[in-house]
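Novice: After the structure tokens below, expect a handful of questions from me.
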Amino acid sequence: MTEIIDGDAVAASLREELAESIEELADAGVQPGLATVLMSDDPASETYVSMKREDCREVGIEDFHRDVDSGADTEELMAVVADLNERADVHGVLVQTPLPDQVDSERALRSVTPLKDVDGFHPENVGRLVRGDPRYRPCTPHGVQKLLDAAGVETEGADAVVVGRSNLVGKPLANLLLRKAPDGNATVTVCHSRTDDLAEKTRGADIVVAAAGVPELIDGSMLAEGATVIDVGYNHVDGEAVGDVAFESARETAGAITPVPGGVGPMTRAMLLYNTVKAASIQSGTDVSLP
Ligand SMILES: Nc1nc(=O)c2c([nH]1)NC[C@@H]1CN(c3ccc(C(=O)N[C@@H](CCC(=O)O)C(=O)O)cc3)C=[N+]21
């Protein structure tokens with residue numbers, strides 16, 4: 001039987017465990033705080049940000065929020081970030097992407113102080129991850145690791161194929177799977193749009209992570225029998241969320257597979273809470289235990 005990996009359930013139990021860490025912080029007089037910065041009129045971005053804010057309130061993280069006019073410039077956005085960087089009660093700062101075209105996104109994202117960079121996007125945090133000493137793991141790759149762990153999938157010695165080379169998912173995830181760590185030690189292949197024979201690569205994999213942003217790119221014929229398939233894709237096709245994996249086809253061959261929605265998405269949000277709690281712990285010098 002193919003196991004459907006339930007991201008909603010794994011995220012819910014993680015939130016419960018995080019509530020305990022948050023209690024430990026409360027005993028030390030600290031309440032974690034996350035600031036979301038929204039500079040967009042896109043309804044999807046507005047929805048994502050409100051989900052994150054709701055998650056915060058649910059687990060006891062203080063919800064700070066800043067709206068920046070979508071016609072503003074890079075300096076105005078950076079002034080808002082600078083103010084949040086200075087506040088002792090804000091432990092994490094998340095600037096929702098994508099940013100408007102007139103904004104220098106790279107510069108704006110780098111202006112989040114590395115200790116509050118709960119997205120894990122800052123070059124200092126990326127560098128630490130690549131060096132094997134991560135501070136904040138980017139939320140989606142970290143969520144993928146937690147899903148593999150929850151499904152009892154061993155990464156040690158596994159052949160893992162990551163499809164997609166984005167800074168957001170593919171590159172950091174490949175580095176995490178590669179690490180000399182209990183949740184790493186995989187043999188990692190990173191495929192992308194110029195990969196010669198994608199199906200040949202994916203067929204050789206114990207673990208396939210689809211993060212290319214191409215609807216239903218991976219189907220059952222491209223998988224080894226019993227492979228674990230993690231679908232990071234979140235494409236909108238005819239108003240519906242469609243993954244990078246053709247689910248019905250892939251589940252025939254896969255041993256375990258994540259659905260969309262209800263797979264990686266909720267884990268991304270849960271790991272943001274995780275990073276915010278970790279940020280509060282680091283910044284307050286309170287050494288709380290994390291799940
Ligand atoms: N600085 C920044 N950090 C981000 O982490 C970030 C971002 N910008 N920009 C946009 C993307 C997108 N993203 C999602 C997170 C969770 C779901 C999610 O929970 N999806 C649910 C469905 C939710 C629903 O639509 O009802 C699921 O897959 O089951 C989706 C998308 C975070 N992002």
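Ordering of the structure tokens sets the chain letters (A, B, ...); residue numbers start at 1 within each chain; ligands are numbered from 1 in the order shown.
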List all protein, DNA and RNA residues that have any atom at most 8 Å from ligand 1, counting only C-alpha atoms and all ligand atoms, and write the list as a VMD selection string.

Specialist: chain A and resid 7 to 8 45 47 to 48 51 94 to 98 119 139 to 140 234 241 260 to 269 272

Novice: Could you go through region 147-198 of chain A and tell me which residues DSSP, when run on the backbone, assigns to alpha helix (DSSP H), listing them as a ChimeraX atom specification?

Specialist: /A:147-150,170-178,198

Novice: Select, from A:Ala44, A:Val93, A:Leu115, A:Asp83, the residue with the minimum atom-to-atom distance to Ile282 (chain A), counting only C-alpha atoms.

Specialist: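 Of the candidates, the smallest distance to Ile282 (chain A) is held by A:Leu115.
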
Novice: Residues within 8 Å of region 150-154 of chain A, please, as a PyMOL selection string. Count only C-alpha atoms; anything in the same chain fewer than 2 positions from it doesn't count.

Specialist: chain A and resi 5+10+146-148+156+158+183+228+256

Novice: Identify which of the residues A:Arg66, A:Arg179, A:His142, A:Arg131 lies closest to Arg53 (chain A), counting only C-alpha atoms when measuring atom-to-atom distances.

Specialist: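 Looking at the shortest contact to Arg53 (chain A), the residue is A:Arg66.
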
Novice: Contacts of Val126 (chain A) at 8 Å or less, counting only C-alpha atoms, minus same-chain residues fewer than 6 places along, as number ranges by chain?

Specialist: A: 120, 134, 172

Novice: Determine, counting only C-alpha atoms, which protein, DNA and RNA residues have an atom within 12 Å of an atom of region 85-89 of chain A; residues of the same chain fewer than 4 positions away are not included. Present the result as a PyMOL selection string.

Specialist: chain A and resi 29-35+61-64+78-81+93-94+110-117+276+279-280+283-284

Novice: Output the selection as a compact mmCIF listing (two decimals), in the first residue's frame - C-alpha atoms for each residue.

Specialist:
# COMPACT_ATOMS: atom_id res chain seq x y z
CA GLY A 29 9.71 35.68 30.59
CA VAL A 30 10.04 35.62 26.82
CA GLN A 31 7.28 35.64 24.22
CA PRO A 32 8.49 34.94 20.68
CA GLY A 33 7.46 37.56 18.12
CA LEU A 34 7.25 37.36 14.34
CA ALA A 35 6.87 40.36 12.05
CA ILE A 61 3.81 33.77 19.04
CA GLU A 62 3.16 37.50 19.04
CA ASP A 63 2.00 38.64 15.64
CA PHE A 64 3.52 41.89 14.38
CA MET A 78 14.25 48.79 4.04
CA ALA A 79 13.32 51.49 6.56
CA VAL A 80 10.47 49.28 7.81
CA VAL A 81 12.82 46.30 8.05
CA VAL A 93 11.24 39.23 10.32
CA LEU A 94 9.67 37.78 7.20
CA ARG A 110 19.62 41.06 2.79
CA SER A 111 18.63 43.94 5.04
CA VAL A 112 16.90 41.56 7.45
CA THR A 113 19.47 41.05 10.20
CA PRO A 114 20.76 37.45 9.97
CA LEU A 115 19.69 36.67 13.56
CA LYS A 116 16.06 37.51 12.69
CA ASP A 117 16.11 35.93 9.23
CA THR A 276 10.71 31.98 15.19
CA ALA A 279 15.15 32.93 17.04
CA ALA A 280 13.56 33.92 20.35
CA GLN A 283 18.13 36.21 21.09
CA SER A 284 17.05 35.82 24.69
